[in-house]
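The next block is data_26.txt, given as compact mmCIF, C-alpha atoms (C1' of nucleotides).
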# COMPACT_ATOMS: atom_id res chain seq x y z
CA MET A 1 0.00 0.00 0.00
CA LYS A 2 1.15 3.46 -0.80
CA ILE A 3 0.09 6.46 1.25
CA SER A 4 -0.23 9.45 -1.04
CA GLN A 5 0.28 13.09 -0.21
CA LYS A 6 -3.49 13.31 -0.08
CA GLY A 7 -3.57 10.41 2.37
CA LEU A 8 -1.03 12.13 4.57
CA TYR A 9 -3.09 15.34 4.50
CA ALA A 10 -6.15 13.37 5.52
CA LEU A 11 -4.31 11.79 8.44
CA GLN A 12 -2.93 15.14 9.55
CA ALA A 13 -6.35 16.75 9.37
CA MET A 14 -7.88 13.91 11.35
CA MET A 15 -5.18 14.18 13.99
CA MET A 16 -5.96 17.84 14.35
CA LEU A 17 -9.68 17.16 14.66
CA ALA A 18 -8.84 14.50 17.22
CA ARG A 19 -6.85 16.98 19.27
CA HIS A 20 -9.87 19.26 19.32
CA TYR A 21 -12.42 16.55 19.91
CA ASN A 22 -15.43 17.82 21.84
CA GLN A 23 -14.50 21.43 21.30
CA GLY A 24 -16.94 22.14 18.51
CA ALA A 25 -16.45 22.47 14.79
CA ILE A 26 -13.14 23.63 13.34
CA ARG A 27 -13.00 25.61 10.11
CA ILE A 28 -11.27 24.14 7.07
CA ARG A 29 -9.19 27.29 6.93
CA ASP A 30 -7.89 26.74 10.43
CA ILE A 31 -6.97 23.15 9.79
CA ALA A 32 -5.25 24.14 6.56
CA TYR A 33 -3.40 26.95 8.26
CA GLU A 34 -2.28 25.06 11.33
CA GLU A 35 -1.25 21.94 9.48
CA ASP A 36 0.00 23.90 6.49
CA LEU A 37 -2.12 22.11 3.92
CA PRO A 38 -3.53 23.51 0.65
CA GLU A 39 -6.95 24.75 1.66
CA LYS A 40 -8.95 23.96 -1.45
CA PHE A 41 -7.47 20.50 -1.67
CA LEU A 42 -8.17 19.84 1.99
CA GLU A 43 -11.72 20.90 1.35
CA LEU A 44 -12.19 18.00 -1.05
CA ILE A 45 -10.57 15.58 1.34
CA LEU A 46 -12.80 16.58 4.23
CA LEU A 47 -15.83 16.33 2.00
CA GLU A 48 -14.85 12.81 1.07
CA MET A 49 -14.44 11.89 4.70
CA LYS A 50 -17.76 13.43 5.51
CA ASN A 51 -19.43 11.32 2.83
CA ALA A 52 -17.72 8.32 4.37
CA ARG A 53 -19.27 9.38 7.70
CA MET A 54 -15.99 9.69 9.53
CA VAL A 55 -16.47 13.38 10.20
CA GLU A 56 -19.43 15.69 10.23
CA SER A 57 -19.76 19.23 9.09
CA VAL A 58 -21.62 22.25 10.35
CA ARG A 59 -22.61 24.54 7.52
CA GLY A 60 -22.98 28.29 7.45
CA ALA A 61 -21.27 30.84 9.62
CA LYS A 62 -19.59 29.34 12.69
CA GLY A 63 -19.46 26.11 10.74
CA GLY A 64 -16.62 23.66 10.34
CA TYR A 65 -15.74 20.03 10.82
CA GLN A 66 -15.57 17.65 13.73
CA LEU A 67 -15.11 13.94 14.32
CA ARG A 68 -18.23 11.80 14.46
CA ARG A 69 -16.63 9.31 16.84
CA PRO A 70 -14.09 9.59 19.64
CA PRO A 71 -10.47 9.46 18.46
CA ALA A 72 -10.01 6.08 20.15
CA GLU A 73 -12.61 4.64 17.82
CA ILE A 74 -11.12 5.86 14.57
CA HIS A 75 -8.51 3.51 13.18
CA LEU A 76 -5.76 4.64 10.85
CA SER A 77 -6.72 1.81 8.51
CA GLU A 78 -10.12 3.41 7.86
CA ILE A 79 -8.63 6.69 6.80
CA ILE A 80 -5.99 5.09 4.62
CA ARG A 81 -8.43 2.71 2.98
CA LEU A 82 -10.77 5.55 2.21
CA ILE A 83 -8.18 7.81 0.66
CA ASP A 84 -5.59 5.42 -0.74
CA GLY A 85 -7.38 2.11 -1.03
CA ALA A 86 -6.42 -1.39 -0.03
CA LEU A 87 -3.57 -2.10 2.34
CA ALA A 88 -2.12 -4.88 0.20
CA PRO A 89 1.06 -4.09 -1.74
CA PHE A 90 -0.63 -5.43 -4.87
CA GLY A 91 -4.35 -5.63 -5.54
CA ASP A 92 -6.48 -6.18 -2.46
CA ALA A 93 -6.85 -9.00 0.01
CA ASP A 94 -9.75 -10.64 -1.81
CA GLN A 95 -7.97 -10.61 -5.15
CA LEU A 96 -4.89 -12.06 -3.51
CA ARG A 97 -6.89 -14.84 -1.91
CA THR A 98 -8.42 -15.64 -5.27
CA LEU A 99 -5.03 -15.72 -6.94
CA ILE A 100 -3.66 -17.92 -4.18
CA ASP A 101 -6.57 -20.26 -4.84
CA ARG A 102 -6.33 -20.32 -8.59
CA ASP A 103 -2.83 -19.47 -9.79
CA ALA A 104 -0.74 -22.43 -8.71
CA GLU A 105 2.39 -21.14 -10.43
CA HIS A 106 2.50 -17.92 -8.45
CA ARG A 107 0.63 -18.97 -5.35
CA ALA A 108 3.62 -18.60 -3.04
CA LEU A 109 4.36 -15.12 -4.34
CA TYR A 110 0.81 -13.93 -3.77
CA GLN A 111 0.88 -15.50 -0.33
CA VAL A 112 3.86 -13.31 0.50
CA PHE A 113 1.92 -10.29 -0.72
CA LEU A 114 -0.95 -11.31 1.52
CA ASP A 115 1.41 -11.75 4.46
CA VAL A 116 2.68 -8.22 3.90
CA ARG A 117 -0.83 -6.84 3.72
CA ASN A 118 -1.79 -8.74 6.90
CA ALA A 119 1.19 -7.31 8.73
CA ALA A 120 0.22 -3.79 7.67
CA ALA A 121 -3.43 -4.38 8.51
CA ARG A 122 -2.53 -5.67 11.94
CA ILE A 123 -0.75 -2.44 12.73
CA LEU A 124 -3.12 0.01 11.10
CA GLU A 125 -6.27 -1.66 12.36
CA ASN A 126 -4.95 -1.54 15.89
CA THR A 127 -3.79 2.03 15.93
CA THR A 128 -6.32 4.81 16.46
CA LEU A 129 -6.16 8.56 16.32
CA ALA A 130 -6.07 8.55 20.11
CA ASP A 131 -2.84 6.57 19.94
CA ILE A 132 -1.04 9.14 17.85
CA VAL A 133 -2.30 12.54 18.96
CA GLY A 134 -0.23 14.36 21.51
CA PRO A 135 -1.29 15.45 25.02
CA GLY A 136 -4.38 17.18 23.55
CA VAL A 137 -7.62 16.28 25.32
CA ARG A 138 -6.31 14.06 28.09
CA LYS A 139 -8.79 12.47 30.46
CA PRO A 140 -7.29 13.15 33.90
CA GLY A 141 -6.38 10.27 36.19
CA LYS A 142 -5.66 7.82 33.39
CA LYS A 143 -1.96 7.01 33.34
CA SER A 144 -1.18 7.60 29.68
CA ARG A 145 0.33 4.61 27.99
CA LYS A 146 1.72 6.06 24.77
CA LYS A 147 0.34 3.39 22.47
CA ALA A 148 -0.79 -0.21 22.45
CA ASP A 149 2.30 -2.30 21.87
CA GLN A 150 2.13 -3.54 18.34
CA GLY A 151 4.10 -6.64 19.09
CA GLY A 152 7.22 -4.55 18.91
CA VAL A 153 8.22 -4.54 15.27
CA LEU A 154 11.97 -4.04 15.50
CA PRO A 155 11.54 -1.61 18.39
CA MET A 156 15.26 -1.03 18.70
CA VAL A 157 15.31 0.53 15.30
CA VAL A 158 14.36 4.04 16.34
CA HIS A 159 17.63 5.17 17.85
CA GLY A 160 21.04 4.69 16.27
CA ASN A 161 20.08 1.58 14.43
CA PRO A 162 22.50 -0.51 12.40
CA ASN A 163 20.44 -0.10 9.25
CA ARG A 164 21.22 3.61 8.97
CA GLY A 165 22.31 4.98 5.67
CA LYS A 166 21.65 1.71 3.94
CA ASP A 167 18.81 3.24 1.89
CA GLU A 168 15.34 2.21 2.91
CA MET B 169 5.01 0.34 -0.67
CA LYS B 170 3.12 -0.37 -3.80
CA ILE B 171 4.09 -3.17 -6.15
CA SER B 172 3.36 -2.09 -9.72
CA GLN B 173 2.50 -4.27 -12.67
CA LYS B 174 6.10 -3.83 -13.71
CA GLY B 175 7.21 -5.03 -10.28
CA LEU B 176 5.02 -8.09 -10.57
CA TYR B 177 6.45 -8.84 -14.02
CA ALA B 178 9.96 -8.55 -12.60
CA LEU B 179 9.12 -10.97 -9.80
CA GLN B 180 7.53 -13.43 -12.20
CA ALA B 181 10.50 -13.29 -14.53
CA MET B 182 12.88 -13.83 -11.65
CA MET B 183 10.84 -16.79 -10.44
CA MET B 184 11.11 -18.32 -13.87
CA LEU B 185 14.86 -17.73 -14.00
CA ALA B 186 15.07 -19.27 -10.55
CA ARG B 187 13.23 -22.38 -11.73
CA HIS B 188 15.79 -22.75 -14.50
CA TYR B 189 18.82 -21.90 -12.42
CA ASN B 190 21.96 -23.62 -13.68
CA GLN B 191 20.35 -24.56 -16.95
CA GLY B 192 21.93 -21.85 -19.06
CA ALA B 193 20.54 -18.63 -20.43
CA ILE B 194 16.84 -18.27 -21.17
CA ARG B 195 15.65 -16.02 -23.98
CA ILE B 196 13.49 -13.00 -23.19
CA ARG B 197 10.96 -14.35 -25.66
CA ASP B 198 10.63 -17.60 -23.74
CA ILE B 199 10.17 -15.85 -20.42
CA ALA B 200 7.60 -13.54 -21.97
CA TYR B 201 5.78 -16.43 -23.58
CA GLU B 202 5.73 -18.75 -20.61
CA GLU B 203 4.80 -16.09 -18.08
CA ASP B 204 2.59 -14.26 -20.55
CA LEU B 205 4.31 -10.89 -20.21
CA PRO B 206 4.64 -8.15 -22.85
CA GLU B 207 7.96 -8.96 -24.48
CA LYS B 208 9.28 -5.48 -25.18
CA PHE B 209 8.37 -4.29 -21.74
CA LEU B 210 10.00 -7.30 -20.14
CA GLU B 211 13.11 -6.49 -22.14
CA LEU B 212 13.45 -3.18 -20.33
CA ILE B 213 12.85 -4.79 -16.98
CA LEU B 214 15.50 -7.44 -17.52
CA LEU B 215 17.93 -4.80 -18.69
CA GLU B 216 17.33 -2.84 -15.53
CA MET B 217 17.94 -5.93 -13.42
CA LYS B 218 21.07 -6.65 -15.37
CA ASN B 219 22.38 -3.16 -14.67
CA ALA B 220 21.60 -3.79 -11.01
CA ARG B 221 23.68 -6.97 -11.30
CA MET B 222 20.91 -9.30 -10.24
CA VAL B 223 20.93 -11.17 -13.52
CA GLU B 224 23.41 -11.52 -16.33
CA SER B 225 22.88 -11.68 -20.04
CA VAL B 226 24.49 -13.60 -22.84
CA ARG B 227 24.40 -11.65 -26.06
CA GLY B 228 24.14 -12.86 -29.61
CA ALA B 229 22.64 -16.07 -30.91
CA LYS B 230 21.98 -18.62 -28.13
CA GLY B 231 21.88 -15.70 -25.77
CA GLY B 232 19.47 -14.95 -22.98
CA TYR B 233 19.32 -14.23 -19.27
CA GLN B 234 20.21 -16.08 -16.11
CA LEU B 235 20.50 -15.36 -12.41
CA ARG B 236 23.87 -14.24 -11.13
CA ARG B 237 23.30 -15.78 -7.72
CA PRO B 238 21.47 -18.87 -6.49
CA PRO B 239 17.74 -18.33 -5.88
CA ALA B 240 18.23 -18.76 -2.15
CA GLU B 241 20.41 -15.66 -2.17
CA ILE B 242 18.03 -13.36 -3.97
CA HIS B 243 15.58 -11.67 -1.64
CA LEU B 244 12.23 -10.38 -2.78
CA SER B 245 13.06 -7.06 -1.14
CA GLU B 246 15.91 -6.49 -3.62
CA ILE B 247 13.70 -6.94 -6.62
CA ILE B 248 10.91 -4.79 -5.24
CA ARG B 249 13.26 -2.02 -4.13
CA LEU B 250 14.87 -1.95 -7.54
CA ILE B 251 11.65 -1.77 -9.51
CA ASP B 252 9.23 -0.05 -7.15
CA GLY B 253 11.42 1.71 -4.63
CA ALA B 254 11.31 1.88 -0.86
CA LEU B 255 9.23 -0.51 1.21
CA ALA B 256 7.80 2.23 3.42
CA PRO B 257 4.17 3.23 2.80
CA PHE B 258 5.28 6.84 2.64
CA GLY B 259 8.75 8.13 1.77
CA ASP B 260 11.57 5.83 2.76
CA ALA B 261 12.96 4.64 6.06
CA ASP B 262 15.59 7.38 6.32
CA GLN B 263 13.12 10.15 5.63
CA LEU B 264 10.76 8.67 8.20
CA ARG B 265 13.50 8.52 10.81
CA THR B 266 14.33 12.13 10.12
CA LEU B 267 10.72 13.15 10.44
CA ILE B 268 10.38 11.20 13.67
CA ASP B 269 13.39 13.11 14.93
CA ARG B 270 12.31 16.54 13.85
CA ASP B 271 8.54 16.77 13.49
CA ALA B 272 7.26 16.52 17.03
CA GLU B 273 3.66 17.12 16.01
CA HIS B 274 3.48 14.13 13.72
CA ARG B 275 6.16 11.96 15.25
CA ALA B 276 3.77 9.22 16.32
CA LEU B 277 2.19 9.04 12.88
CA TYR B 278 5.53 8.66 11.16
CA GLN B 279 6.52 6.06 13.71
CA VAL B 280 3.50 4.02 12.65
CA PHE B 281 4.59 4.36 9.02
CA LEU B 282 8.02 3.13 10.02
CA ASP B 283 6.50 0.21 11.90
CA VAL B 284 4.60 -0.75 8.78
CA ARG B 285 7.70 -0.52 6.64
CA ASN B 286 9.64 -2.60 9.18
CA ALA B 287 6.99 -5.28 9.15
CA ALA B 288 7.10 -5.41 5.35
CA ALA B 289 10.90 -5.38 5.32
CA ARG B 290 11.03 -8.21 7.80
CA ILE B 291 8.99 -10.39 5.49
CA LEU B 292 10.50 -9.39 2.18
CA GLU B 293 14.08 -9.43 3.37
CA ASN B 294 13.61 -12.93 4.69
CA THR B 295 11.93 -14.43 1.68
CA THR B 296 14.04 -15.51 -1.28
CA LEU B 297 13.24 -16.75 -4.74
CA ALA B 298 14.05 -20.24 -3.51
CA ASP B 299 11.22 -19.91 -0.99
CA ILE B 300 8.60 -19.20 -3.61
CA VAL B 301 9.51 -21.21 -6.69
CA GLY B 302 7.74 -24.49 -7.08
CA PRO B 303 9.34 -27.99 -7.28
CA GLY B 304 11.69 -26.75 -10.04
CA VAL B 305 15.35 -27.57 -9.34
CA ARG B 306 14.94 -29.52 -6.12
CA LYS B 307 18.04 -30.82 -4.41
CA PRO B 308 17.18 -34.45 -3.61
CA GLY B 309 17.19 -35.70 -0.01
CA LYS B 310 16.27 -32.35 1.51
CA LYS B 311 12.84 -32.55 3.08
CA SER B 312 11.23 -29.48 1.57
CA ARG B 313 9.98 -27.03 4.12
CA LYS B 314 7.77 -24.71 2.09
CA LYS B 315 9.12 -21.49 3.51
CA ALA B 316 10.78 -20.07 6.57
CA ASP B 317 7.98 -19.27 9.00
CA GLN B 318 7.61 -15.53 8.99
CA GLY B 319 6.31 -15.47 12.52
CA GLY B 320 2.92 -16.50 11.20
CA VAL B 321 1.21 -13.26 10.33
CA LEU B 322 -2.44 -14.16 10.80
CA PRO B 323 -1.82 -17.65 9.45
CA MET B 324 -5.42 -18.71 9.89
CA VAL B 325 -6.51 -16.13 7.39
CA VAL B 326 -5.92 -18.18 4.30
CA HIS B 327 -8.89 -20.52 4.50
CA GLY B 328 -12.46 -19.45 5.16
CA ASN B 329 -11.53 -16.47 7.22
CA PRO B 330 -14.00 -14.20 8.98
CA ASN B 331 -12.77 -11.17 7.10
CA ARG B 332 -14.18 -12.36 3.78
CA GLY B 333 -16.23 -10.00 1.71
CA LYS B 334 -15.36 -7.13 3.96
CA ASP B 335 -13.21 -5.56 1.23
CA GLU B 336 -9.49 -5.60 1.83
C1' DA C 337 32.09 -13.56 -44.84
C1' DA C 338 27.28 -13.57 -44.62
C1' DT C 339 23.34 -14.62 -42.16
C1' DT C 340 20.61 -14.97 -38.34
C1' DA C 341 19.50 -14.79 -33.60
C1' DA C 342 19.90 -12.77 -29.84
C1' DG C 343 20.41 -8.64 -26.30
C1' DT C 344 20.93 -3.08 -26.03
C1' DC C 345 19.51 1.43 -26.12
C1' DT C 346 16.75 5.60 -27.03
C1' DA C 347 12.62 7.63 -28.10
C1' DT C 348 7.76 8.04 -28.32
C1' DT C 349 3.03 7.36 -27.22
C1' DC C 350 -1.21 6.99 -24.66
C1' DA C 351 -3.91 6.71 -20.52
C1' DT C 352 -4.32 7.32 -15.83
C1' DT C 353 -3.45 9.32 -11.53
C1' DT C 354 -2.00 12.94 -8.55
C1' DA C 355 -2.13 17.37 -6.72
C1' DA C 356 -4.02 21.23 -7.03
C1' DT C 357 -6.97 25.53 -8.31
C1' DA C 358 -11.31 28.08 -9.57
C1' DG C 359 -15.69 29.52 -9.10
C1' DA C 360 -20.53 29.33 -8.63
C1' DC C 361 -23.90 27.62 -5.23
C1' DT C 362 -26.09 26.72 -0.57
C1' DT C 363 -26.69 27.17 4.25
C1' DT C 364 -26.73 29.55 8.65
C1' DA C 365 -25.44 33.01 12.39
C1' DT C 366 -25.70 37.68 13.37
C1' DA D 367 -29.36 41.63 4.45
C1' DT D 368 -24.83 40.34 4.96
C1' DA D 369 -21.00 37.70 5.83
C1' DA D 370 -19.05 33.42 6.89
C1' DA D 371 -18.94 29.13 6.31
C1' DG D 372 -19.33 24.37 3.77
C1' DT D 373 -20.72 22.03 -1.13
C1' DC D 374 -20.18 20.76 -5.62
C1' DT D 375 -18.46 20.53 -10.37
C1' DA D 376 -15.05 21.46 -13.56
C1' DT D 377 -10.53 22.20 -15.11
C1' DT D 378 -5.61 21.84 -15.41
C1' DA D 379 -0.63 20.68 -15.27
C1' DA D 380 2.65 17.45 -14.16
C1' DA D 381 4.07 13.01 -13.17
C1' DT D 382 3.75 8.15 -13.55
C1' DG D 383 2.65 3.74 -15.57
C1' DA D 384 2.46 0.61 -19.20
C1' DA D 385 3.58 -0.14 -23.02
C1' DT D 386 5.47 -0.04 -28.33
C1' DA D 387 8.90 0.92 -32.09
C1' DG D 388 12.99 0.70 -34.28
C1' DA D 389 17.76 1.16 -35.09
C1' DC D 390 22.08 -0.76 -33.17
C1' DT D 391 25.49 -4.30 -31.38
C1' DT D 392 27.21 -8.81 -30.43
C1' DA D 393 27.97 -13.58 -31.28
C1' DA D 394 27.00 -18.37 -33.15
C1' DT D 395 26.41 -20.83 -37.27
C1' DT D 396 27.01 -21.96 -41.97
Could you express the structure from this file as structure tokens?
Amino acid sequence: MKISQKGLYALQAMMMLARHYNQGAIRIRDIAYEEDLPEKFLELILLEMKNARMVESVRGAKGGYQLRRPPAEIHLSEIIRLIDGALAPFGDADQLRTLIDRDAEHRALYQVFLDVRNAAARILENTTLADIVGPGVRKPGKKSRKKADQGGVLPMVVHGNPNRGKDE
Amino acid sequence: MKISQKGLYALQAMMMLARHYNQGAIRIRDIAYEEDLPEKFLELILLEMKNARMVESVRGAKGGYQLRRPPAEIHLSEIIRLIDGALAPFGDADQLRTLIDRDAEHRALYQVFLDVRNAAARILENTTLADIVGPGVRKPGKKSRKKADQGGVLPMVVHGNPNRGKDE
DNA sequence: AATTAAGTCTATTCATTTAATAGACTTTAT
DNA sequence: ATAAAGTCTATTAAATGAATAGACTTAATT
């Protein structure tokens, strides 16, 4: 799966809406300004997310956008699937399963593709906006655990890792 | 990371070369015919892989292509990186690490992207052509284990899984 | 030496996607 | 009534993706 610029904008906008959850509607202009996104383009993105019922809008003066669900109930996978499509590196999961069923010659290759998509899905379906927004709207008393442990995919890789400078 | 049609062709061609490893050079035309790939397009792909030293060519009559290394030493990640670029869903690993370092606002988001890329890298860097080609050139005596277990990413998902029909 | 069978290289084309911009229209608070 | 917002449709420019075409080079065969 490839996350496009548009997909990144969508995620950024949603993070911002998550930070302001329960504080009323935010204007497109404000989101665009604060996140430094092209306003007219963002407009289209928000509209698309509204049609997908992930956000809701308030029209007219004092209008804007807000999340329809709490940040903890919006998974990154939803946003990415909406804007950029399937999580699989090639085709989508159903196609891959069909190919694995029917194309004996390349079965093992497609199975690898499916493994990759499953690994991505596991992460993105278990990470919510709440997991990635900063301090924002913090319910007091709850000891903040940064993020549900994803099974620790190469956790040591963040600081001074041996892979540095070796391209991707 | 997105695997393009071109990337798929490259992988298919490499699988075919792997099946015929140590049997001399195979003509582009034969690869194209057997794998049903557009011949002229495949030509460019093979040339690119030759320049990347993953395959070698024999020119002139009786010429063709062959792998430069045994199938067990050619990782899917190499082929995909060459043809389709970085494994990360956005940017590449180095960029992501830089962003994680410098962009406090979006750090957690980029960390998720990096987790996804690491999960993909883990699979693709540990799967070789030998793991995915069929019976082909089988060394006798060795009990064939289909493939190194990748840590079983949702292994139960292949048959009659609950996710069916729910899109990707 | 001539012929033929291969890979090599450069250019071009066509369609789609991506990223954005523009502007007229609708709704609502004041 | 006005101004401030979202809504909707269209357009565009650039990049990418997927090929196709054809002239050129190298090497085996006769």
Listing only residues of chain A within 8 Å of chain C, what is the closest atom pair and its distance in Å (to one decimal) for each, using all atoms listed in the file, sorted by chain and residue number ascending, as CSV?
residue,atom,partner,partner_atom,distance
A:Lys6,CA,C:DA355,C1',7.9
A:Lys40,CA,C:DT357,C1',7.3
A:Phe41,CA,C:DA356,C1',6.4
A:Arg59,CA,C:DT363,C1',5.9
A:Gly60,CA,C:DT364,C1',4.1
A:Ala61,CA,C:DA365,C1',5.5
A:Lys62,CA,C:DA365,C1',6.9
Within 12 Å of chain D, which residues of chain B are there when counting all atoms listed in the file? Please give them as a short mmCIF file (atom, residue, chain, number, x, y, z; two decimals) with C-alpha atoms, keeping the file's coordinate frame.
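Written output follows (out.cif):
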data_model
loop_
_atom_site.label_atom_id
_atom_site.label_comp_id
_atom_site.auth_asym_id
_atom_site.auth_seq_id
_atom_site.Cartn_x
_atom_site.Cartn_y
_atom_site.Cartn_z
CA ILE B 171 4.09 -3.17 -6.15
CA SER B 172 3.36 -2.09 -9.72
CA GLN B 173 2.50 -4.27 -12.67
CA LYS B 174 6.10 -3.83 -13.71
CA GLY B 175 7.21 -5.03 -10.28
CA TYR B 177 6.45 -8.84 -14.02
CA LEU B 205 4.31 -10.89 -20.21
CA PRO B 206 4.64 -8.15 -22.85
CA GLU B 207 7.96 -8.96 -24.48
CA LYS B 208 9.28 -5.48 -25.18
CA PHE B 209 8.37 -4.29 -21.74
CA LEU B 210 10.00 -7.30 -20.14
CA GLU B 211 13.11 -6.49 -22.14
CA LEU B 212 13.45 -3.18 -20.33
CA ILE B 213 12.85 -4.79 -16.98
CA SER B 225 22.88 -11.68 -20.04
CA VAL B 226 24.49 -13.60 -22.84
CA ARG B 227 24.40 -11.65 -26.06
CA GLY B 228 24.14 -12.86 -29.61
CA ALA B 229 22.64 -16.07 -30.91
CA LYS B 230 21.98 -18.62 -28.13
CA GLY B 231 21.88 -15.70 -25.77
CA GLY B 232 19.47 -14.95 -22.98
CA ASP B 252 9.23 -0.05 -7.15
#
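Using only C-alpha atoms, one finds that the residues of chain A close to chain B, at 6 Å or less, are Met1, Lys2, Ile3, Ala86, Pro89, Phe90, Asp92, Ala93, Ala108, Leu109, Val116, Ala120, Ile132 and Glu168 of chain A.
The spacing separating CA of Leu82 (chain A) from CA of Thr128 (chain A) amounts to 14.9 Å.
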Using CA of Asn294 (chain B) and CA of Ile199 (chain B) as the two end points, give the distance in Å to one decimal.
-> 25.5 Å
Excluding Arg68 (chain A) and residues on its chain fewer than 6 positions from it, collect all residues at most 10 Å away from it, counting only C-alpha atoms (C1' of nucleotides), and give them as a VMD selection string.
-> chain A and resid 21 to 22 50 53 to 57 74
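Atom pair CA of Arg27 (chain A) / CA of Glu125 (chain A) has a distance of 28.2 Å (rounded to one decimal).
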